[in-house]
Amino acid sequence: MSATAPLVELRGVSRRYPGVRALEQVELELRGGE
C-alpha cells in the first residue's frame, strides 16, 4: 500500500440517538483509488 496522505480522514466520530449509541469513536481513511 502506498504511503500517500488520505483524501478523506475521519477520527473519533460518534453518533447517538435517544436510547441508542449508533457509533462510538469510529475511524475512517480513504485513499486515492479506493
# chains A, B, ... in the order shown; residues from 1 in each chain; ligands from 1
>>> residues_around(residues="stretch 6-14 of chain A", least_positions_apart="2", cutoff="7 Å", atoms="only C-alpha atoms", output="ChimeraX atom specification")
/A:4,16,23-32
>>> write_last_selection(atoms="N, CA and C atoms", output="compact mmCIF listing (two decimals), in the first residue's frame")
# COMPACT_ATOMS: atom_id res chain seq x y z
N THR A 4 0.90 7.52 0.64
CA THR A 4 0.34 8.84 0.35
C THR A 4 -0.67 9.24 1.42
N ARG A 16 -25.23 9.41 18.50
CA ARG A 16 -26.19 8.85 19.44
C ARG A 16 -27.59 9.32 19.09
N LEU A 23 -22.85 4.90 16.83
CA LEU A 23 -21.42 4.87 16.52
C LEU A 23 -20.65 5.38 17.72
N GLU A 24 -19.46 4.81 17.94
CA GLU A 24 -18.62 5.26 19.05
C GLU A 24 -17.16 5.22 18.62
N GLN A 25 -16.54 6.39 18.50
CA GLN A 25 -15.12 6.53 18.18
C GLN A 25 -14.73 5.82 16.88
N VAL A 26 -15.51 6.02 15.82
CA VAL A 26 -15.24 5.41 14.51
C VAL A 26 -14.09 6.15 13.83
N GLU A 27 -13.24 5.40 13.14
CA GLU A 27 -12.15 5.98 12.35
C GLU A 27 -12.27 5.48 10.92
N LEU A 28 -12.01 6.38 9.94
CA LEU A 28 -12.12 6.03 8.53
C LEU A 28 -11.06 6.80 7.75
N GLU A 29 -10.35 6.12 6.86
CA GLU A 29 -9.42 6.75 5.93
C GLU A 29 -9.73 6.25 4.53
N LEU A 30 -9.81 7.17 3.58
CA LEU A 30 -9.97 6.82 2.17
C LEU A 30 -8.80 7.40 1.40
N ARG A 31 -8.17 6.57 0.61
CA ARG A 31 -7.03 6.99 -0.20
C ARG A 31 -7.41 6.89 -1.67
N GLY A 32 -6.71 7.60 -2.52
CA GLY A 32 -6.97 7.57 -3.95
C GLY A 32 -7.00 6.14 -4.49
>>> select_by_dssp(residues="chain A", states="strand (DSSP E or B)", output="list of chain:residue names")
A:Val8, A:Glu9, A:Leu10, A:Arg11, A:Gly12, A:Val13, A:Ser14, A:Arg15, A:Arg16, A:Tyr17, A:Val20, A:Arg21, A:Ala22, A:Leu23, A:Glu24, A:Gln25, A:Val26, A:Glu27, A:Leu28, A:Glu29, A:Leu30
